[in-house]
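Participant: Shown below is the structure under consideration.
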Amino acid sequence: MPPASALITGATGFIGAHLVARLLSEGSRVTVLARSSSALPLEWRDRVSVITSDDFSERGLRRVLHAPVETIFHLAAYGVRPNHRDIGEMMAINVGLPAILVRLCAEWHARMIMAGTFSEYGRPSSQDLLTESSPLEQGKLYGSSKAAGGLMASAIANGSGTGFRLLRLFKVYGAGEAPHRLLPTLFSGLIKRERVAISTGTQILDFVYIDDVVEALLRADAHCREQGGIATWNVATGRGHSVREFAERVAAAMHADASLLGFGAIDMRKDDEPWLVGSPYLLRSELGWQPSTELDEGVRAAVATHYRSQGQG
């Protein structure tokens, strides 16, 4: 059962937009917190309450957030884009904002579901699955700031008796991703039958389809409502696929010539790790969640949605 009312941060992002759509379809009252510059989908008009603010300090948020809700889904983050490396902004959004929101939850007798990331984990010493107790990132700005924010929010929730769930999401993919990400980059080049410059693609990642991620968020909220307390879970499949393999599957779904995939044409990013695959054991055992969408199926669904958005489906 979804929450009767929810506040969502990061609602205009990839995951947030899918979560809003799911909540609306199930009858929840949805409020989104967004910057004044955010572009809101037209289909949200008259269906979503929008609170705009460019001041995410505690004082600024208390000025605009008044009506309590049942659940806060905190999805906003800074540093996902490679050029977003302002340390002050990263600290404010990734560390300070979760702490403020969980304190508001304590006052409202609400609960909080926070989206973390696989980037919170440090480089594994072997190819064992990353578990919730694996060492956290200490040397990279984005991953370490997200880890710090999750730890701080969890500690505050624990001290105040507030229901809190931190879900560390692995490599989420699907329709609606930002243009700079892998799937849209591949699609935009291959649809024009142009060569796509990508890295060697040797990185092994745990790809999770967007619908499965939204299902995990809602199941985590229901569990939090029933059980209270705090918990941290991986949202992962436990199966690794290389970036190269993912790209080849996109090309196959588009019936495009795989020779257009320019492997090695660009360098890997400094933040890239050779192997990051998560264990879904806790989420499966405690929520009964498991991914229902295989990689080929998810890629085909995402590609089909991209074609429709181009007026070709």
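Chain labels run A, B, ... following the order of the structure tokens; each chain numbers its residues from 1, and ligands are numbered from 1 in the order shown.
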Using DSSP on the backbone, list every residue of stretch 1-250 of chain A that comes out as helix (DSSP H, G or I), and give them as an MDAnalysis selection string.
Facilitator: chainID A and resid 14:25 42:44 58:64 87:108 118:120 141:160 182:190 210:227 243:250
Participant: Do a neighbour search on stretch 292-301 of chain A at 8 Å with only C-alpha atoms, toss out local chain neighbours closer than 4 positions, and write the hits as a ChimeraX atom specification.
Facilitator: /A:174-175,207-209,212,249-250,253,305
Participant: Counting only C-alpha atoms, which of A:Arg244, A:Arg111, A:Arg269, A:His66 gets nearest to A:Leu186?
Facilitator: A:Arg244
Participant: Based on the backbone DSSP call, show me all residues of stretch 6-184 of chain A assigned strand (DSSP E or B), as a PyMOL selection string.
Facilitator: chain A and resi 6-9+29-34+48-52+71-74+111-117+121+130+136+164-169+171-173
Participant: Give me, please, the distance in Å between atom CA of A:Thr31 and atom CA of A:Gly96, quoted to one decimal.
Facilitator: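 So the answer is 20.9 Å.
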Participant: Could you pull the residues within 12 Å of A:Glu194, counting only C-alpha atoms, minus those fewer than 5 positions along the same chain, as a list in words?
Facilitator: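 Result of the neighbour search: Thr185, Leu186, Phe187, Ser188, Gly189, Ala251, Ala256, Asp257, Ala258, Ser259, Leu260, Leu261 and Gly262 of chain A.
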Participant: I'd like the neighbourhood of A:Trp44 as a list in words, where a residue qualifies if any of its atoms comes within 10 Å (using only C-alpha atoms), though same-chain residues fewer than 4 positions away should be ignored.
Facilitator: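 The residues satisfying every condition are Ala17, Val20, Ala21, Leu24, Val30, Leu40, Val48, Ser49 and Val50 of chain A.
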Participant: Pull N, CA, C and O atoms from the residues just selected and write them as an mmCIF file, in the first residue's frame.
Facilitator:
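File written: part.cif
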```
data_model
loop_
_atom_site.group_PDB
_atom_site.id
_atom_site.type_symbol
_atom_site.label_atom_id
_atom_site.label_comp_id
_atom_site.auth_asym_id
_atom_site.auth_seq_id
_atom_site.Cartn_x
_atom_site.Cartn_y
_atom_site.Cartn_z
ATOM 1 N N ALA A 17 11.030 11.125 -11.331
ATOM 2 C CA ALA A 17 9.892 11.225 -12.245
ATOM 3 C C ALA A 17 9.130 9.907 -12.323
ATOM 4 O O ALA A 17 7.891 9.887 -12.370
ATOM 5 N N VAL A 20 7.166 9.541 -8.990
ATOM 6 C CA VAL A 20 5.971 10.386 -8.985
ATOM 7 C C VAL A 20 4.855 9.724 -9.799
ATOM 8 O O VAL A 20 3.699 9.653 -9.360
ATOM 9 N N ALA A 21 5.188 9.249 -10.989
ATOM 10 C CA ALA A 21 4.178 8.621 -11.847
ATOM 11 C C ALA A 21 3.545 7.413 -11.156
ATOM 12 O O ALA A 21 2.315 7.223 -11.216
ATOM 13 N N LEU A 24 1.238 8.627 -8.226
ATOM 14 C CA LEU A 24 -0.005 9.207 -8.737
ATOM 15 C C LEU A 24 -0.944 8.112 -9.234
ATOM 16 O O LEU A 24 -2.160 8.178 -9.030
ATOM 17 N N VAL A 30 0.817 13.830 -3.870
ATOM 18 C CA VAL A 30 2.252 14.027 -4.077
ATOM 19 C C VAL A 30 2.595 15.510 -4.041
ATOM 20 O O VAL A 30 1.964 16.323 -4.731
ATOM 21 N N LEU A 40 9.198 21.373 -14.852
ATOM 22 C CA LEU A 40 8.248 20.381 -14.379
ATOM 23 C C LEU A 40 7.435 19.827 -15.554
ATOM 24 O O LEU A 40 6.996 20.584 -16.422
ATOM 25 N N VAL A 48 -0.014 17.462 -9.008
ATOM 26 C CA VAL A 48 1.097 17.474 -8.054
ATOM 27 C C VAL A 48 1.203 18.857 -7.424
ATOM 28 O O VAL A 48 1.110 19.867 -8.125
ATOM 29 N N SER A 49 1.381 18.900 -6.108
ATOM 30 C CA SER A 49 1.653 20.167 -5.439
ATOM 31 C C SER A 49 3.140 20.449 -5.541
ATOM 32 O O SER A 49 3.967 19.559 -5.262
ATOM 33 N N VAL A 50 3.492 21.651 -5.939
ATOM 34 C CA VAL A 50 4.894 22.004 -6.156
ATOM 35 C C VAL A 50 5.309 23.096 -5.174
ATOM 36 O O VAL A 50 4.648 24.133 -5.063
#
```
Participant: Skip A:Ala4 itself and residues of its chain fewer than 3 positions away, then list as a PyMOL selection string all residues within 10 Å of it, counting only C-alpha atoms.
Facilitator: chain A and resi 1+23+26-30+69-71
Participant: Go ahead and save the picked residues with N, CA and C atoms, as a PDB file, in the first residue's frame.
Facilitator:
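Listing of out19.pdb after writing:
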```pdb
ATOM      1  N   MET A   1       0.849  -1.195   0.000  1.00  0.00           N
ATOM      2  CA  MET A   1       0.000   0.000   0.000  1.00  0.00           C
ATOM      3  C   MET A   1       0.880   1.239   0.000  1.00  0.00           C
ATOM      4  N   LEU A  23       3.348   6.801  -7.859  1.00  0.00           N
ATOM      5  CA  LEU A  23       2.540   7.230  -6.717  1.00  0.00           C
ATOM      6  C   LEU A  23       1.207   7.816  -7.175  1.00  0.00           C
ATOM      7  N   GLU A  26      -1.304   5.276  -8.096  1.00  0.00           N
ATOM      8  CA  GLU A  26      -1.856   4.518  -6.979  1.00  0.00           C
ATOM      9  C   GLU A  26      -2.620   5.404  -5.996  1.00  0.00           C
ATOM     10  N   GLY A  27      -2.842   6.658  -6.379  1.00  0.00           N
ATOM     11  CA  GLY A  27      -3.729   7.504  -5.600  1.00  0.00           C
ATOM     12  C   GLY A  27      -3.098   8.296  -4.477  1.00  0.00           C
ATOM     13  N   SER A  28      -1.785   8.355  -4.412  1.00  0.00           N
ATOM     14  CA  SER A  28      -1.128   9.142  -3.365  1.00  0.00           C
ATOM     15  C   SER A  28      -1.221  10.631  -3.675  1.00  0.00           C
ATOM     16  N   ARG A  29      -1.265  11.451  -2.626  1.00  0.00           N
ATOM     17  CA  ARG A  29      -1.131  12.896  -2.783  1.00  0.00           C
ATOM     18  C   ARG A  29       0.356  13.214  -2.798  1.00  0.00           C
ATOM     19  N   VAL A  30       0.817  13.830  -3.870  1.00  0.00           N
ATOM     20  CA  VAL A  30       2.252  14.027  -4.077  1.00  0.00           C
ATOM     21  C   VAL A  30       2.595  15.510  -4.041  1.00  0.00           C
ATOM     22  N   VAL A  69       3.620  15.407   5.916  1.00  0.00           N
ATOM     23  CA  VAL A  69       3.261  14.323   5.004  1.00  0.00           C
ATOM     24  C   VAL A  69       3.569  13.007   5.704  1.00  0.00           C
ATOM     25  N   GLU A  70       3.119  11.930   5.099  1.00  0.00           N
ATOM     26  CA  GLU A  70       3.358  10.612   5.691  1.00  0.00           C
ATOM     27  C   GLU A  70       4.787  10.139   5.457  1.00  0.00           C
ATOM     28  N   THR A  71       5.315  10.399   4.245  1.00  0.00           N
ATOM     29  CA  THR A  71       6.650   9.924   3.872  1.00  0.00           C
ATOM     30  C   THR A  71       7.395  10.994   3.097  1.00  0.00           C
TER      31      THR A  71
END
```
Participant: Leaving out A:Leu61 and any residue of its chain fewer than 6 positions from it, which residues lie within 9 Å of it when counting only C-alpha atoms, given as a PDB file with C-alpha atoms, in the first residue's frame?
Facilitator:
```pdb
ATOM      1  CA  SER A  53      12.920  26.934  -3.153  1.00  0.00           C
ATOM      2  CA  ASP A  55      17.414  27.863  -0.230  1.00  0.00           C
ATOM      3  CA  ILE A 100      17.425  18.524   7.908  1.00  0.00           C
ATOM      4  CA  LEU A 101      14.759  16.375   6.282  1.00  0.00           C
TER       5      LEU A 101
END
```
Participant: Which polymer residues have any atom within 9 Å of an atom of A:Gly288, counting only C-alpha atoms, with same-chain residues fewer than 4 positions away left out, as a PDB file with N, CA and C atoms, in the first residue's frame?
Facilitator:
```pdb
ATOM      1  N   ARG A 219       8.268  -0.636  -1.463  1.00  0.00           N
ATOM      2  CA  ARG A 219       8.280  -1.720  -0.476  1.00  0.00           C
ATOM      3  C   ARG A 219       9.034  -1.308   0.778  1.00  0.00           C
ATOM      4  N   LEU A 283      17.670  -7.198   1.077  1.00  0.00           N
ATOM      5  CA  LEU A 283      16.406  -6.690   0.546  1.00  0.00           C
ATOM      6  C   LEU A 283      15.475  -7.844   0.181  1.00  0.00           C
ATOM      7  N   ARG A 284      16.041  -8.891  -0.361  1.00  0.00           N
ATOM      8  CA  ARG A 284      15.229 -10.054  -0.719  1.00  0.00           C
ATOM      9  C   ARG A 284      14.681 -10.746   0.525  1.00  0.00           C
TER      10      ARG A 284
END
```
Participant: Quick one: of A:Ile191, A:Val32, A:Leu75, A:Asn83, who's nearest to A:Tyr307, counting only C-alpha atoms?
Facilitator: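 Once distances to A:Tyr307 are computed over only C-alpha atoms, the minimum belongs to A:Ile191.
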Participant: Restricting the calculation to only C-alpha atoms: of A:Asp272, A:Asp211, A:Asp206, A:Glu226, which residue gets closest to A:Ser242?
Facilitator: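 Among A:Asp272, A:Asp211, A:Asp206, A:Glu226, it is A:Asp206 that comes nearest to A:Ser242.
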Participant: Interatomic distance between atom CA of A:Leu167 and atom CA of A:Pro41?
Facilitator: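 Spanning atom CA of A:Leu167 to atom CA of A:Pro41 is a straight-line distance of 25.8 Å.
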Participant: Quick one: of A:Ala92, A:Ile113, A:Leu7, A:Ala147, who's nearest to A:His223, counting only C-alpha atoms?
Facilitator: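 Nearest to A:His223: A:Ile113.
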Participant: From the list A:Phe164, A:Ser154, A:Thr117, A:Ser38, which residue is nearest A:Ala222 when using only C-alpha atoms?
Facilitator: A:Phe164
Participant: If you measure from atom CA of A:Glu58 to atom CA of A:Pro98, what distance in Å do you get, rounded to one decimal?
Facilitator: 10.5 Å
